[in-house]
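As stored in structure-v5.cif (mmCIF, N, CA and C atoms):
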data_target
#
loop_
_atom_site.label_atom_id
_atom_site.label_comp_id
_atom_site.auth_asym_id
_atom_site.auth_seq_id
_atom_site.Cartn_x
_atom_site.Cartn_y
_atom_site.Cartn_z
N MET A 115 3.14 -27.15 -3.02
CA MET A 115 1.94 -26.69 -3.71
C MET A 115 1.87 -27.36 -5.08
N THR A 116 0.76 -28.00 -5.32
CA THR A 116 0.55 -28.63 -6.63
C THR A 116 -0.36 -27.73 -7.48
N LEU A 117 -0.34 -27.97 -8.78
CA LEU A 117 -1.23 -27.21 -9.65
C LEU A 117 -2.69 -27.46 -9.30
N ARG A 118 -3.01 -28.67 -8.94
CA ARG A 118 -4.39 -28.98 -8.58
C ARG A 118 -4.85 -28.11 -7.41
N ARG A 119 -4.03 -28.00 -6.39
CA ARG A 119 -4.38 -27.19 -5.22
C ARG A 119 -4.46 -25.70 -5.60
N LEU A 120 -3.52 -25.25 -6.43
CA LEU A 120 -3.51 -23.86 -6.86
C LEU A 120 -4.75 -23.55 -7.72
N PHE A 121 -5.13 -24.48 -8.60
CA PHE A 121 -6.35 -24.31 -9.38
C PHE A 121 -7.57 -24.19 -8.46
N ALA A 122 -7.64 -25.00 -7.42
CA ALA A 122 -8.78 -24.98 -6.49
C ALA A 122 -8.86 -23.64 -5.75
N ILE A 123 -7.74 -23.15 -5.26
CA ILE A 123 -7.71 -21.85 -4.57
C ILE A 123 -8.13 -20.75 -5.53
N ASN A 124 -7.54 -20.75 -6.71
CA ASN A 124 -7.84 -19.73 -7.71
C ASN A 124 -9.29 -19.81 -8.18
N LEU A 125 -9.82 -21.01 -8.29
CA LEU A 125 -11.21 -21.21 -8.69
C LEU A 125 -12.14 -20.53 -7.69
N PHE A 126 -11.92 -20.74 -6.41
CA PHE A 126 -12.74 -20.13 -5.37
C PHE A 126 -12.68 -18.60 -5.46
N LEU A 127 -11.48 -18.05 -5.60
CA LEU A 127 -11.32 -16.60 -5.70
C LEU A 127 -11.99 -16.04 -6.95
N ALA A 128 -11.81 -16.72 -8.08
CA ALA A 128 -12.39 -16.26 -9.34
C ALA A 128 -13.92 -16.30 -9.30
N LEU A 129 -14.48 -17.33 -8.69
CA LEU A 129 -15.93 -17.41 -8.55
C LEU A 129 -16.46 -16.28 -7.69
N PHE A 130 -15.81 -16.03 -6.56
CA PHE A 130 -16.24 -14.96 -5.66
C PHE A 130 -16.20 -13.60 -6.34
N PHE A 131 -15.04 -13.24 -6.89
CA PHE A 131 -14.89 -11.94 -7.51
C PHE A 131 -15.67 -11.84 -8.83
N GLY A 132 -15.72 -12.93 -9.59
CA GLY A 132 -16.45 -12.91 -10.85
C GLY A 132 -17.94 -12.72 -10.64
N LEU A 133 -18.52 -13.47 -9.71
CA LEU A 133 -19.94 -13.30 -9.43
C LEU A 133 -20.24 -11.93 -8.84
N SER A 134 -19.36 -11.45 -7.96
CA SER A 134 -19.55 -10.11 -7.38
C SER A 134 -19.57 -9.04 -8.46
N CYS A 135 -18.60 -9.10 -9.35
CA CYS A 135 -18.51 -8.08 -10.41
C CYS A 135 -19.65 -8.21 -11.42
N ALA A 136 -20.01 -9.42 -11.78
CA ALA A 136 -21.04 -9.63 -12.79
C ALA A 136 -22.44 -9.30 -12.26
N LEU A 137 -22.72 -9.67 -11.02
CA LEU A 137 -24.06 -9.50 -10.48
C LEU A 137 -24.25 -8.22 -9.66
N LEU A 138 -23.17 -7.72 -9.07
CA LEU A 138 -23.24 -6.53 -8.22
C LEU A 138 -22.19 -5.51 -8.63
N PRO A 139 -22.23 -5.04 -9.86
CA PRO A 139 -21.16 -4.14 -10.33
C PRO A 139 -21.12 -2.81 -9.58
N ARG A 140 -22.27 -2.24 -9.24
CA ARG A 140 -22.30 -0.97 -8.53
C ARG A 140 -21.66 -1.11 -7.15
N GLU A 141 -21.99 -2.19 -6.45
CA GLU A 141 -21.44 -2.43 -5.12
C GLU A 141 -19.95 -2.75 -5.20
N SER A 142 -19.55 -3.47 -6.24
CA SER A 142 -18.13 -3.79 -6.42
C SER A 142 -17.32 -2.53 -6.65
N CYS A 143 -17.81 -1.63 -7.48
CA CYS A 143 -17.12 -0.36 -7.71
C CYS A 143 -17.03 0.44 -6.42
N ALA A 144 -18.14 0.52 -5.68
CA ALA A 144 -18.17 1.29 -4.44
C ALA A 144 -17.17 0.76 -3.42
N ALA A 145 -17.00 -0.56 -3.36
CA ALA A 145 -16.05 -1.15 -2.41
C ALA A 145 -14.62 -0.69 -2.66
N TYR A 146 -14.32 -0.40 -3.91
CA TYR A 146 -12.98 0.06 -4.27
C TYR A 146 -12.89 1.59 -4.34
N GLY A 147 -13.98 2.27 -4.00
CA GLY A 147 -13.98 3.72 -4.02
C GLY A 147 -14.06 4.31 -5.42
N LEU A 148 -14.59 3.56 -6.36
CA LEU A 148 -14.68 4.01 -7.75
C LEU A 148 -16.08 4.53 -8.05
N THR A 149 -16.16 5.52 -8.91
CA THR A 149 -17.44 6.07 -9.32
C THR A 149 -18.13 5.07 -10.25
N ALA A 150 -19.37 4.76 -9.93
CA ALA A 150 -20.11 3.76 -10.70
C ALA A 150 -20.87 4.42 -11.84
N ASN A 151 -20.14 4.98 -12.80
CA ASN A 151 -20.80 5.53 -13.98
C ASN A 151 -21.06 4.40 -14.98
N THR A 152 -21.67 4.72 -16.08
CA THR A 152 -22.06 3.70 -17.07
C THR A 152 -20.85 2.90 -17.56
N ALA A 153 -19.76 3.59 -17.86
CA ALA A 153 -18.56 2.90 -18.36
C ALA A 153 -17.98 1.98 -17.30
N ALA A 154 -17.94 2.42 -16.04
CA ALA A 154 -17.39 1.59 -14.97
C ALA A 154 -18.26 0.36 -14.73
N LEU A 155 -19.58 0.53 -14.78
CA LEU A 155 -20.47 -0.62 -14.58
C LEU A 155 -20.30 -1.64 -15.70
N TRP A 156 -20.21 -1.17 -16.93
CA TRP A 156 -20.02 -2.05 -18.08
C TRP A 156 -18.69 -2.80 -17.95
N THR A 157 -17.63 -2.06 -17.63
CA THR A 157 -16.30 -2.68 -17.50
C THR A 157 -16.28 -3.67 -16.34
N THR A 158 -16.94 -3.35 -15.26
CA THR A 158 -16.99 -4.26 -14.10
C THR A 158 -17.71 -5.55 -14.45
N ARG A 159 -18.81 -5.43 -15.19
CA ARG A 159 -19.52 -6.65 -15.63
C ARG A 159 -18.65 -7.48 -16.58
N LEU A 160 -17.94 -6.80 -17.48
CA LEU A 160 -17.03 -7.53 -18.38
C LEU A 160 -15.95 -8.25 -17.58
N LEU A 161 -15.39 -7.58 -16.58
CA LEU A 161 -14.38 -8.21 -15.73
C LEU A 161 -14.97 -9.44 -15.04
N GLY A 162 -16.19 -9.30 -14.53
CA GLY A 162 -16.84 -10.44 -13.88
C GLY A 162 -16.99 -11.62 -14.83
N GLY A 163 -17.41 -11.34 -16.06
CA GLY A 163 -17.53 -12.40 -17.06
C GLY A 163 -16.19 -13.05 -17.38
N SER A 164 -15.16 -12.23 -17.49
CA SER A 164 -13.82 -12.77 -17.76
C SER A 164 -13.34 -13.65 -16.61
N LEU A 165 -13.56 -13.19 -15.38
CA LEU A 165 -13.14 -13.99 -14.23
C LEU A 165 -13.90 -15.31 -14.17
N LEU A 166 -15.17 -15.29 -14.53
CA LEU A 166 -15.93 -16.54 -14.56
C LEU A 166 -15.44 -17.46 -15.68
N GLY A 167 -15.00 -16.87 -16.80
CA GLY A 167 -14.40 -17.67 -17.86
C GLY A 167 -13.09 -18.30 -17.39
N PHE A 168 -12.28 -17.53 -16.68
CA PHE A 168 -11.04 -18.09 -16.12
C PHE A 168 -11.35 -19.17 -15.10
N ALA A 169 -12.43 -18.99 -14.33
CA ALA A 169 -12.82 -20.02 -13.36
C ALA A 169 -13.14 -21.33 -14.07
N THR A 170 -13.74 -21.23 -15.25
CA THR A 170 -14.02 -22.43 -16.05
C THR A 170 -12.72 -23.12 -16.44
N LEU A 171 -11.72 -22.33 -16.85
CA LEU A 171 -10.40 -22.90 -17.15
C LEU A 171 -9.81 -23.61 -15.94
N MET A 172 -9.93 -22.98 -14.78
CA MET A 172 -9.38 -23.58 -13.55
C MET A 172 -10.09 -24.89 -13.23
N TRP A 173 -11.41 -24.91 -13.44
CA TRP A 173 -12.18 -26.13 -13.20
C TRP A 173 -11.65 -27.26 -14.08
N PHE A 174 -11.47 -26.98 -15.38
CA PHE A 174 -10.97 -28.01 -16.29
C PHE A 174 -9.53 -28.37 -15.97
N GLY A 175 -8.73 -27.41 -15.55
CA GLY A 175 -7.36 -27.71 -15.14
C GLY A 175 -7.33 -28.59 -13.90
N TRP A 176 -8.20 -28.32 -12.97
CA TRP A 176 -8.28 -29.10 -11.74
C TRP A 176 -8.71 -30.53 -12.03
N ARG A 177 -9.61 -30.70 -12.99
CA ARG A 177 -10.15 -32.02 -13.31
C ARG A 177 -9.37 -32.76 -14.39
N SER A 178 -8.43 -32.10 -15.04
CA SER A 178 -7.72 -32.70 -16.17
C SER A 178 -6.82 -33.86 -15.73
N ALA A 179 -6.78 -34.87 -16.57
CA ALA A 179 -5.94 -36.03 -16.29
C ALA A 179 -4.58 -35.93 -16.97
N THR A 180 -4.40 -34.96 -17.86
CA THR A 180 -3.14 -34.90 -18.58
C THR A 180 -2.29 -33.72 -18.11
N GLU A 181 -1.02 -33.99 -17.93
CA GLU A 181 -0.09 -32.96 -17.47
C GLU A 181 0.03 -31.82 -18.48
N ALA A 182 0.03 -32.16 -19.76
CA ALA A 182 0.17 -31.13 -20.80
C ALA A 182 -0.98 -30.13 -20.73
N THR A 183 -2.18 -30.62 -20.49
CA THR A 183 -3.34 -29.73 -20.38
C THR A 183 -3.22 -28.85 -19.14
N ARG A 184 -2.85 -29.43 -18.00
CA ARG A 184 -2.70 -28.65 -16.78
C ARG A 184 -1.64 -27.58 -16.95
N ARG A 185 -0.53 -27.92 -17.59
CA ARG A 185 0.55 -26.94 -17.78
C ARG A 185 0.12 -25.82 -18.74
N ALA A 186 -0.62 -26.14 -19.79
CA ALA A 186 -1.09 -25.11 -20.72
C ALA A 186 -2.04 -24.15 -20.03
N ILE A 187 -2.95 -24.68 -19.24
CA ILE A 187 -3.89 -23.83 -18.50
C ILE A 187 -3.14 -23.00 -17.47
N ALA A 188 -2.17 -23.60 -16.79
CA ALA A 188 -1.38 -22.87 -15.80
C ALA A 188 -0.61 -21.73 -16.45
N PHE A 189 -0.09 -21.94 -17.65
CA PHE A 189 0.64 -20.88 -18.33
C PHE A 189 -0.29 -19.73 -18.69
N ALA A 190 -1.50 -20.06 -19.17
CA ALA A 190 -2.48 -19.01 -19.49
C ALA A 190 -2.83 -18.21 -18.24
N LEU A 191 -2.98 -18.88 -17.12
CA LEU A 191 -3.30 -18.19 -15.87
C LEU A 191 -2.11 -17.40 -15.34
N LEU A 192 -0.89 -17.86 -15.59
CA LEU A 192 0.30 -17.09 -15.23
C LEU A 192 0.31 -15.77 -15.98
N VAL A 193 0.02 -15.81 -17.27
CA VAL A 193 -0.04 -14.58 -18.06
C VAL A 193 -1.13 -13.65 -17.51
N GLN A 194 -2.32 -14.18 -17.28
CA GLN A 194 -3.43 -13.38 -16.78
C GLN A 194 -3.11 -12.77 -15.43
N ASP A 195 -2.57 -13.55 -14.51
CA ASP A 195 -2.28 -13.04 -13.17
C ASP A 195 -1.12 -12.05 -13.18
N SER A 196 -0.16 -12.23 -14.05
CA SER A 196 0.96 -11.28 -14.15
C SER A 196 0.46 -9.93 -14.65
N ILE A 197 -0.39 -9.96 -15.66
CA ILE A 197 -0.96 -8.71 -16.18
C ILE A 197 -1.88 -8.08 -15.13
N GLY A 198 -2.64 -8.90 -14.43
CA GLY A 198 -3.49 -8.40 -13.35
C GLY A 198 -2.68 -7.74 -12.25
N PHE A 199 -1.51 -8.30 -11.94
CA PHE A 199 -0.64 -7.70 -10.92
C PHE A 199 -0.16 -6.33 -11.36
N VAL A 200 0.34 -6.23 -12.60
CA VAL A 200 0.85 -4.95 -13.11
C VAL A 200 -0.27 -3.92 -13.18
N ALA A 201 -1.44 -4.32 -13.67
CA ALA A 201 -2.58 -3.39 -13.76
C ALA A 201 -3.03 -2.95 -12.37
N SER A 202 -3.03 -3.87 -11.41
CA SER A 202 -3.42 -3.51 -10.04
C SER A 202 -2.40 -2.60 -9.40
N LEU A 203 -1.14 -2.81 -9.70
CA LEU A 203 -0.08 -1.93 -9.18
C LEU A 203 -0.27 -0.51 -9.71
N GLU A 204 -0.54 -0.41 -10.99
CA GLU A 204 -0.77 0.90 -11.60
C GLU A 204 -2.02 1.57 -11.01
N ALA A 205 -3.10 0.81 -10.87
CA ALA A 205 -4.34 1.37 -10.33
C ALA A 205 -4.16 1.82 -8.89
N GLN A 206 -3.49 1.01 -8.09
CA GLN A 206 -3.28 1.36 -6.69
C GLN A 206 -2.35 2.56 -6.57
N GLY A 207 -1.42 2.69 -7.50
CA GLY A 207 -0.50 3.82 -7.50
C GLY A 207 -1.18 5.13 -7.86
N SER A 208 -2.36 5.06 -8.45
CA SER A 208 -3.09 6.28 -8.81
C SER A 208 -3.71 6.95 -7.59
N HIS A 209 -3.76 6.26 -6.47
CA HIS A 209 -4.33 6.76 -5.21
C HIS A 209 -5.81 7.11 -5.33
N GLU A 210 -6.50 6.51 -6.30
CA GLU A 210 -7.93 6.77 -6.47
C GLU A 210 -8.78 5.62 -5.91
N MET A 211 -8.12 4.54 -5.49
CA MET A 211 -8.85 3.39 -4.97
C MET A 211 -8.69 3.32 -3.46
N THR A 212 -9.62 2.62 -2.83
CA THR A 212 -9.53 2.41 -1.39
C THR A 212 -8.44 1.39 -1.08
N ALA A 213 -8.22 1.16 0.18
CA ALA A 213 -7.21 0.19 0.60
C ALA A 213 -7.54 -1.23 0.13
N LEU A 214 -8.80 -1.49 -0.21
CA LEU A 214 -9.18 -2.80 -0.72
C LEU A 214 -8.43 -3.15 -2.01
N GLY A 215 -8.01 -2.13 -2.75
CA GLY A 215 -7.25 -2.36 -3.98
C GLY A 215 -5.96 -3.12 -3.74
N TRP A 216 -5.40 -2.97 -2.54
CA TRP A 216 -4.18 -3.72 -2.21
C TRP A 216 -4.42 -5.23 -2.23
N SER A 217 -5.65 -5.65 -1.91
CA SER A 217 -5.94 -7.09 -1.91
C SER A 217 -5.79 -7.66 -3.31
N ASN A 218 -6.21 -6.91 -4.34
CA ASN A 218 -6.04 -7.38 -5.72
C ASN A 218 -4.57 -7.53 -6.05
N LEU A 219 -3.79 -6.54 -5.67
CA LEU A 219 -2.35 -6.58 -5.93
C LEU A 219 -1.72 -7.82 -5.29
N VAL A 220 -2.06 -8.06 -4.04
CA VAL A 220 -1.50 -9.22 -3.32
C VAL A 220 -1.97 -10.53 -3.93
N LEU A 221 -3.28 -10.64 -4.22
CA LEU A 221 -3.81 -11.89 -4.78
C LEU A 221 -3.22 -12.20 -6.15
N TYR A 222 -3.20 -11.21 -7.03
CA TYR A 222 -2.62 -11.43 -8.35
C TYR A 222 -1.14 -11.79 -8.24
N GLY A 223 -0.43 -11.10 -7.36
CA GLY A 223 1.00 -11.38 -7.19
C GLY A 223 1.26 -12.79 -6.68
N LEU A 224 0.51 -13.20 -5.66
CA LEU A 224 0.69 -14.54 -5.11
C LEU A 224 0.30 -15.63 -6.11
N LEU A 225 -0.78 -15.41 -6.84
CA LEU A 225 -1.19 -16.40 -7.84
C LEU A 225 -0.15 -16.50 -8.96
N ALA A 226 0.36 -15.36 -9.42
CA ALA A 226 1.39 -15.39 -10.47
C ALA A 226 2.63 -16.13 -9.97
N LEU A 227 3.04 -15.84 -8.75
CA LEU A 227 4.20 -16.55 -8.18
C LEU A 227 3.92 -18.05 -8.04
N GLY A 228 2.70 -18.40 -7.65
CA GLY A 228 2.34 -19.81 -7.52
C GLY A 228 2.40 -20.54 -8.85
N TYR A 229 1.86 -19.93 -9.89
CA TYR A 229 1.91 -20.57 -11.21
C TYR A 229 3.34 -20.64 -11.73
N ALA A 230 4.11 -19.58 -11.52
CA ALA A 230 5.51 -19.60 -11.96
C ALA A 230 6.27 -20.71 -11.23
N TYR A 231 6.02 -20.86 -9.95
CA TYR A 231 6.67 -21.91 -9.16
C TYR A 231 6.31 -23.29 -9.72
N CYS A 232 5.02 -23.53 -9.92
CA CYS A 232 4.57 -24.84 -10.41
C CYS A 232 5.08 -25.14 -11.82
N LEU A 233 5.23 -24.11 -12.64
CA LEU A 233 5.66 -24.32 -14.02
C LEU A 233 7.17 -24.42 -14.17
N PHE A 234 7.91 -23.60 -13.41
CA PHE A 234 9.35 -23.48 -13.67
C PHE A 234 10.26 -23.98 -12.55
N VAL A 235 9.82 -23.91 -11.31
CA VAL A 235 10.68 -24.32 -10.20
C VAL A 235 10.44 -25.78 -9.85
N ALA A 236 9.19 -26.17 -9.75
CA ALA A 236 8.84 -27.55 -9.39
C ALA A 236 7.86 -28.12 -10.39
N PRO A 237 8.26 -28.27 -11.65
CA PRO A 237 7.32 -28.71 -12.68
C PRO A 237 6.79 -30.13 -12.47
N GLY A 238 7.46 -30.95 -11.69
CA GLY A 238 7.00 -32.31 -11.46
C GLY A 238 5.83 -32.37 -10.49
N ARG A 239 5.47 -31.24 -9.87
CA ARG A 239 4.39 -31.21 -8.87
C ARG A 239 3.04 -30.86 -9.49
N THR A 240 2.84 -31.25 -10.74
CA THR A 240 1.57 -30.95 -11.42
C THR A 240 0.57 -32.08 -11.26
N ASP A 241 0.88 -33.07 -10.41
CA ASP A 241 0.02 -34.24 -10.28
C ASP A 241 -1.37 -33.86 -9.79
N VAL A 242 -2.34 -34.75 -10.06
CA VAL A 242 -3.72 -34.50 -9.64
C VAL A 242 -4.06 -35.26 -8.37
N THR A 243 -3.14 -35.97 -7.81
CA THR A 243 -3.46 -36.77 -6.63
C THR A 243 -3.26 -36.02 -5.33
N SER A 244 -2.56 -34.89 -5.36
CA SER A 244 -2.30 -34.15 -4.12
C SER A 244 -3.30 -33.06 -3.90
#

Would you kindly transcribe this structure into structure tokens?
Amino acid sequence: MTLRRLFAINLFLALFFGLSCALLPRESCAAYGLTANTAALWTTRLLGGSLLGFATLMWFGWRSATEATRRAIAFALLVQDSIGFVASLEAQGSHEMTALGWSNLVLYGLLALGYAYCLFVAPGRTDVTS
């Protein structure tokens, strides 16, 4: 797995979830079994905007020609995905979300592991040609 491939996978996921949250916050909340009150809708839209911002980072990471830039973006995404994993674990442990909440836990966990692998286990695999 190269950073370029990981950026592409993450970009697709971030676009899907970001657009869903930003444009369809009520439906996004309902899918997770959450009450769509004013605060939840506002927070869901903010999450969507943040995910779209991260998607922009992934786009630039995917297109970047310099290893230092790719590694810096990958580290930022490692932090974001690690925090997302912990937050999703806590939310799913509250038993207030539907089973769909497990998908967030799995996705954040796999992405964090992927970035950690690319940064610390196989750092030479950051090339843009694969």

Practice problem: Find the residue from A:Ala226, A:Ala153, A:Ala213, A:Ile197 that sits nearest to Pro139 (chain A); use only C-alpha atoms when measuring. | Solution: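 Ranked by minimum distance to Pro139 (chain A), first place goes to A:Ala153.
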
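The interatomic distance for the pair atom N of Leu161 (chain A) and atom C of Ser178 (chain A) works out to 27.7 Å.
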
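Those residues positioned at most 8 Å from (-1.2, -21.4, -1.7) are A:Met115, A:Thr116, A:Arg119, A:Leu120, A:Ile123, A:Leu224, A:Leu225, A:Gly228, judged using all atoms listed in the file.
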
Quiz item: By how many Å are atom C of Ser142 (chain A) and CA of Arg159 (chain A) apart?
Solution: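 These atoms are spaced 10.1 Å apart.
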
Quiz item: Restricting the calculation to only C-alpha atoms, which member of A:Ala179, A:Leu203, A:Met172, A:Cys135 is positioned closest to Leu221 (chain A)?
Solution: A:Leu203

Quiz item: Quick one: residues within 12 Å of Leu137 (chain A), only C-alpha atoms counted, chain neighbours fewer than 6 positions away excluded, as a PyMOL selection string?
Solution: chain A and resi 129-131+143+155-156+158-163+166

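If you count only C-alpha atoms and ignore residues fewer than 3 places along the chain from Ala186 (chain A), what sits within 12 Å of it is Leu117, Leu171, Met172, Phe174, Gly175, Ser178, Thr180, Glu181, Ala182, Thr183, Phe189, Ala190, Leu191, Leu192, Val193, Tyr229, Cys232, Leu233 and Thr240 of chain A.
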
For C-alpha atoms, please extract region 134-182 of chain A from the block and return it as a PDB file, in the first residue's frame.
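File produced: selection-v9.pdb:
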ATOM      1  CA  SER A 134     -23.790  13.274   2.813  1.00  0.00           C
ATOM      2  CA  CYS A 135     -23.312  15.125   6.095  1.00  0.00           C
ATOM      3  CA  ALA A 136     -23.132  18.593   4.554  1.00  0.00           C
ATOM      4  CA  LEU A 137     -26.074  18.241   2.165  1.00  0.00           C
ATOM      5  CA  LEU A 138     -28.276  15.676   3.937  1.00  0.00           C
ATOM      6  CA  PRO A 139     -27.676  16.166   7.664  1.00  0.00           C
ATOM      7  CA  ARG A 140     -31.151  15.013   8.757  1.00  0.00           C
ATOM      8  CA  GLU A 141     -30.864  11.796   6.750  1.00  0.00           C
ATOM      9  CA  SER A 142     -27.296  11.227   7.953  1.00  0.00           C
ATOM     10  CA  CYS A 143     -28.384  11.518  11.592  1.00  0.00           C
ATOM     11  CA  ALA A 144     -31.342   9.194  10.995  1.00  0.00           C
ATOM     12  CA  ALA A 145     -29.087   6.539   9.443  1.00  0.00           C
ATOM     13  CA  TYR A 146     -27.143   6.384  12.696  1.00  0.00           C
ATOM     14  CA  GLY A 147     -30.278   6.427  14.842  1.00  0.00           C
ATOM     15  CA  LEU A 148     -29.579   9.916  16.182  1.00  0.00           C
ATOM     16  CA  THR A 149     -32.188  12.563  16.921  1.00  0.00           C
ATOM     17  CA  ALA A 150     -31.966  15.318  14.334  1.00  0.00           C
ATOM     18  CA  ASN A 151     -32.390  18.316  16.622  1.00  0.00           C
ATOM     19  CA  THR A 152     -30.923  21.731  15.805  1.00  0.00           C
ATOM     20  CA  ALA A 153     -27.599  21.014  17.529  1.00  0.00           C
ATOM     21  CA  ALA A 154     -27.196  17.635  15.802  1.00  0.00           C
ATOM     22  CA  LEU A 155     -27.957  19.113  12.377  1.00  0.00           C
ATOM     23  CA  TRP A 156     -25.453  21.928  12.916  1.00  0.00           C
ATOM     24  CA  THR A 157     -22.775  19.510  14.142  1.00  0.00           C
ATOM     25  CA  THR A 158     -23.441  17.136  11.246  1.00  0.00           C
ATOM     26  CA  ARG A 159     -23.027  19.953   8.727  1.00  0.00           C
ATOM     27  CA  LEU A 160     -19.789  21.011  10.444  1.00  0.00           C
ATOM     28  CA  LEU A 161     -18.545  17.417  10.256  1.00  0.00           C
ATOM     29  CA  GLY A 162     -19.404  17.342   6.560  1.00  0.00           C
ATOM     30  CA  GLY A 163     -17.436  20.535   5.973  1.00  0.00           C
ATOM     31  CA  SER A 164     -14.467  19.179   7.902  1.00  0.00           C
ATOM     32  CA  LEU A 165     -14.507  15.931   5.936  1.00  0.00           C
ATOM     33  CA  LEU A 166     -14.588  17.887   2.685  1.00  0.00           C
ATOM     34  CA  GLY A 167     -11.633  19.940   3.943  1.00  0.00           C
ATOM     35  CA  PHE A 168      -9.749  16.725   4.676  1.00  0.00           C
ATOM     36  CA  ALA A 169     -10.686  15.491   1.195  1.00  0.00           C
ATOM     37  CA  THR A 170      -8.942  18.573  -0.185  1.00  0.00           C
ATOM     38  CA  LEU A 171      -5.820  17.614   1.787  1.00  0.00           C
ATOM     39  CA  MET A 172      -6.009  14.091   0.369  1.00  0.00           C
ATOM     40  CA  TRP A 173      -6.343  15.473  -3.156  1.00  0.00           C
ATOM     41  CA  PHE A 174      -3.193  17.582  -2.720  1.00  0.00           C
ATOM     42  CA  GLY A 175      -1.400  14.661  -1.073  1.00  0.00           C
ATOM     43  CA  TRP A 176      -2.339  12.393  -3.950  1.00  0.00           C
ATOM     44  CA  ARG A 177      -1.122  14.935  -6.512  1.00  0.00           C
ATOM     45  CA  SER A 178       1.982  16.102  -4.626  1.00  0.00           C
ATOM     46  CA  ALA A 179       5.382  15.515  -6.170  1.00  0.00           C
ATOM     47  CA  THR A 180       7.345  15.865  -2.945  1.00  0.00           C
ATOM     48  CA  GLU A 181       7.716  13.160  -0.339  1.00  0.00           C
ATOM     49  CA  ALA A 182       7.911  15.689   2.503  1.00  0.00           C
TER      50      ALA A 182
END
